[in-house]
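File shown: protein-v9.txt. Contents: compact mmCIF, C-alpha atoms.
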```
# COMPACT_ATOMS: atom_id res chain seq x y z
CA MET O 775 6.22 18.78 8.22
CA ASP O 776 8.72 21.07 6.51
CA ARG O 777 12.00 19.37 7.37
CA LEU O 778 13.74 16.30 6.07
CA LEU O 779 12.92 13.15 8.02
CA ARG O 780 15.05 10.11 8.74
CA ILE O 781 13.88 6.66 7.74
CA GLY O 782 12.90 5.76 11.31
CA GLU O 783 10.61 8.78 11.59
CA VAL O 784 9.00 8.03 8.24
CA SER O 785 8.61 4.37 9.13
CA ARG O 786 6.67 5.36 12.27
CA ARG O 787 4.47 7.84 10.38
CA VAL O 788 3.67 5.39 7.58
CA ALA O 789 3.48 2.45 10.03
CA VAL O 790 5.81 0.12 8.12
CA LYS O 791 9.26 -1.20 8.97
CA PRO O 792 12.31 0.66 7.60
CA PHE O 793 13.25 -2.32 5.42
CA VAL O 794 9.86 -2.02 3.71
CA LEU O 795 10.59 1.62 2.82
CA ARG O 796 14.01 0.63 1.46
CA TYR O 797 12.37 -2.10 -0.64
CA TRP O 798 9.74 0.33 -1.95
CA GLU O 799 12.56 2.63 -3.07
CA THR O 800 13.76 -0.15 -5.38
CA GLU O 801 10.26 -0.80 -6.77
CA PHE O 802 8.80 2.71 -7.05
CA PRO O 803 10.90 5.24 -8.97
CA MET O 804 8.79 8.10 -7.58
CA LEU O 805 9.99 7.33 -4.03
CA ARG O 806 13.51 8.76 -3.98
CA PRO O 807 14.65 10.25 -0.69
CA VAL O 808 17.73 12.46 -0.82
CA LYS O 809 20.94 11.13 0.68
CA SER O 810 22.89 13.10 3.26
CA PRO O 811 26.66 13.46 2.82
CA ARG O 812 26.97 10.51 5.22
CA GLY O 813 24.68 8.39 3.03
CA GLN O 814 21.61 8.54 5.30
CA ARG O 815 18.19 8.68 3.67
CA ARG O 816 16.34 11.96 4.19
CA TYR O 817 12.69 11.98 3.21
CA ARG O 818 10.98 15.15 1.99
CA PRO O 819 7.28 15.75 2.76
CA GLU O 820 6.37 14.64 -0.77
CA ASP O 821 8.31 11.38 -0.23
CA VAL O 822 6.27 10.71 2.90
CA GLU O 823 3.04 11.33 0.96
CA VAL O 824 4.17 8.91 -1.77
CA ALA O 825 5.03 6.27 0.85
CA MET O 826 1.61 6.68 2.46
CA GLU O 827 -0.08 6.36 -0.92
CA ILE O 828 1.95 3.23 -1.74
CA LYS O 829 0.93 1.69 1.57
CA ARG O 830 -2.74 2.54 0.94
CA LEU O 831 -2.65 1.00 -2.54
CA LEU O 832 -0.85 -2.16 -1.43
CA TYR O 833 -2.43 -2.80 1.96
CA ASP O 834 -5.90 -1.24 1.72
CA GLN O 835 -6.76 -1.46 -1.98
CA GLY O 836 -5.06 -4.80 -2.62
CA PHE O 837 -2.91 -3.70 -5.56
CA THR O 838 0.14 -5.72 -6.56
CA ILE O 839 3.51 -3.94 -6.60
CA ALA O 840 3.34 -3.66 -10.40
CA GLY O 841 -0.28 -2.48 -10.29
CA ALA O 842 0.46 0.16 -7.66
CA ARG O 843 3.51 1.36 -9.61
CA LYS O 844 1.40 1.69 -12.80
CA HIS O 845 -1.42 3.40 -10.90
CA LEU O 846 0.94 5.97 -9.38
CA LYS O 847 2.68 6.55 -12.71
CA ASP O 848 -0.62 6.97 -14.58
CA ASN O 849 -2.02 9.34 -11.95
CA SER O 850 1.10 11.53 -11.87
CA ALA O 851 1.27 11.66 -15.69
CA ALA O 852 -2.41 12.56 -15.99
CA ALA O 853 -2.15 15.25 -13.31
CA ALA O 854 1.00 16.70 -14.91
CA GLY O 855 -0.76 16.86 -18.28
CA ARG O 856 -3.50 18.97 -16.71
CA GLY O 857 -1.03 21.12 -14.81
CA GLU O 858 -2.39 19.87 -11.49
CA PRO O 859 -0.72 18.12 -8.58
CA ALA O 860 -1.33 14.38 -8.56
CA ALA O 861 -4.68 13.70 -6.94
CA ARG O 862 -5.00 11.01 -4.29
CA SER O 863 -7.18 8.46 -5.96
CA ARG O 864 -9.33 6.03 -4.00
CA GLY O 865 -8.64 3.17 -6.38
CA PRO O 866 -9.50 2.38 -9.96
CA ALA O 867 -12.61 3.84 -11.51
CA ALA O 868 -15.62 1.56 -11.76
CA GLY O 869 -15.66 -0.24 -15.07
CA SER O 870 -12.11 0.80 -15.92
CA GLY O 871 -11.04 -2.83 -16.23
CA ASP O 872 -8.02 -1.96 -14.11
CA SER O 873 -9.20 -3.56 -10.88
CA PRO O 874 -6.59 -4.30 -8.22
CA LYS O 875 -5.51 -7.88 -7.65
CA ARG O 876 -6.59 -9.50 -4.41
CA PRO O 877 -3.42 -10.30 -2.50
CA TYR O 878 -2.87 -14.00 -1.89
CA ARG O 879 -2.78 -13.39 1.84
CA ALA O 880 -6.22 -11.75 1.84
CA ARG O 881 -7.74 -14.68 -0.04
CA GLY O 882 -6.12 -17.07 2.46
CA ILE O 883 -7.50 -15.17 5.43
CA ARG O 884 -10.97 -15.17 3.89
CA ALA O 885 -10.78 -18.94 3.34
CA LEU O 886 -9.61 -19.51 6.92
CA ARG O 887 -12.47 -17.41 8.30
CA GLN O 888 -14.97 -19.34 6.21
CA ALA O 889 -13.55 -22.67 7.44
CA ARG O 890 -13.70 -21.40 11.04
CA ASP O 891 -17.35 -20.42 10.64
CA GLU O 892 -18.19 -23.80 9.13
CA LEU O 893 -16.43 -25.64 11.96
CA ARG O 894 -18.34 -23.57 14.52
CA ALA O 895 -21.61 -24.51 12.80
CA ILE O 896 -20.65 -28.21 12.93
CA LEU O 897 -19.73 -27.86 16.61
CA ARG O 898 -23.13 -26.30 17.36
CA LEU O 899 -24.86 -29.21 15.59
CA LEU O 900 -22.84 -31.75 17.60
CA GLU O 901 -23.58 -29.97 20.87
CA GLU O 902 -27.32 -29.96 20.08
CA ASP O 903 -27.31 -33.71 19.38
CA GLY O 904 -25.19 -34.61 22.40
```
Using structure tokens, write down the structure from this file.
Amino acid sequence: MDRLLRIGEVSRRVAVKPFVLRYWETEFPMLRPVKSPRGQRRYRPEDVEVAMEIKRLLYDQGFTIAGARKHLKDNSAAAAGRGEPAARSRGPAAGSGDSPKRPYRARGIRALRQARDELRAILRLLEEDG
């Protein structure tokens, strides 16, 4: 991937809607695609990598927007201080005290699954008695 990509192409690669990418641009200063003379966003390969990392932190690791922003900032600052490219971290280090927040939606889904399982158990009990 050595050419500039349009927002639609990046949205397909990262598997998020274009409006999500535009929102992330407002929240993450490290995600700054270049603008064409006509004002269209053009993403460089490093922008695509940042977008993929943001998605991983938010969707897979459960970070909040602020937590993901801080994590990316800290990782890029630490890597720059060592003269290395920013490493792709797999989340906070154990015992770092910087654990990601569980998104509200994930907690809700877990509660719904637990309620479903309990209702199935009650249904089994009723079917055995009846």
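What separates atom CA of O:Glu783 from atom CA of O:Gly813 is a distance of 16.5 Å.
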>> If I take atom CA of O:Arg816 and atom CA of O:Arg780, how far is one from the other in Å, to one decimal?
In response: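 Separation between atom CA of O:Arg816 and atom CA of O:Arg780: 5.1 Å.
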> Which is closer to O:Met804 than all the others in O:Leu831, O:Ala895, O:Ile781, O:Leu846, using all atoms listed in the file?
Replying inline: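 Smallest distance to O:Met804 is found for O:Leu846.
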> So which residues fall inside 12 Å of (3.0, -3.5, -7.6) if we count all atoms listed in the file? Mind giving them as a PyMOL selection string?
Replying inline: chain O and resi 797-798+800-803+828-833+835-847+874-877
> Which distance in Å separates atom CA of O:Gln814 and atom CA of O:Ser785, to one decimal?
Replying inline: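 Here the two named atoms are 14.2 Å from each other.
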> Nearest to O:Asp821: which of O:Leu778, O:Arg786, O:Phe793, O:Asp848 is it, counting only C-alpha atoms?
Replying inline: O:Leu778
> Using only C-alpha atoms, which of O:Glu892, O:Val784, O:Asn849, O:Pro792 sits nearest O:Pro819?
Replying inline: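 When distances to O:Pro819 are compared using only C-alpha atoms, the smallest one comes from O:Val784.
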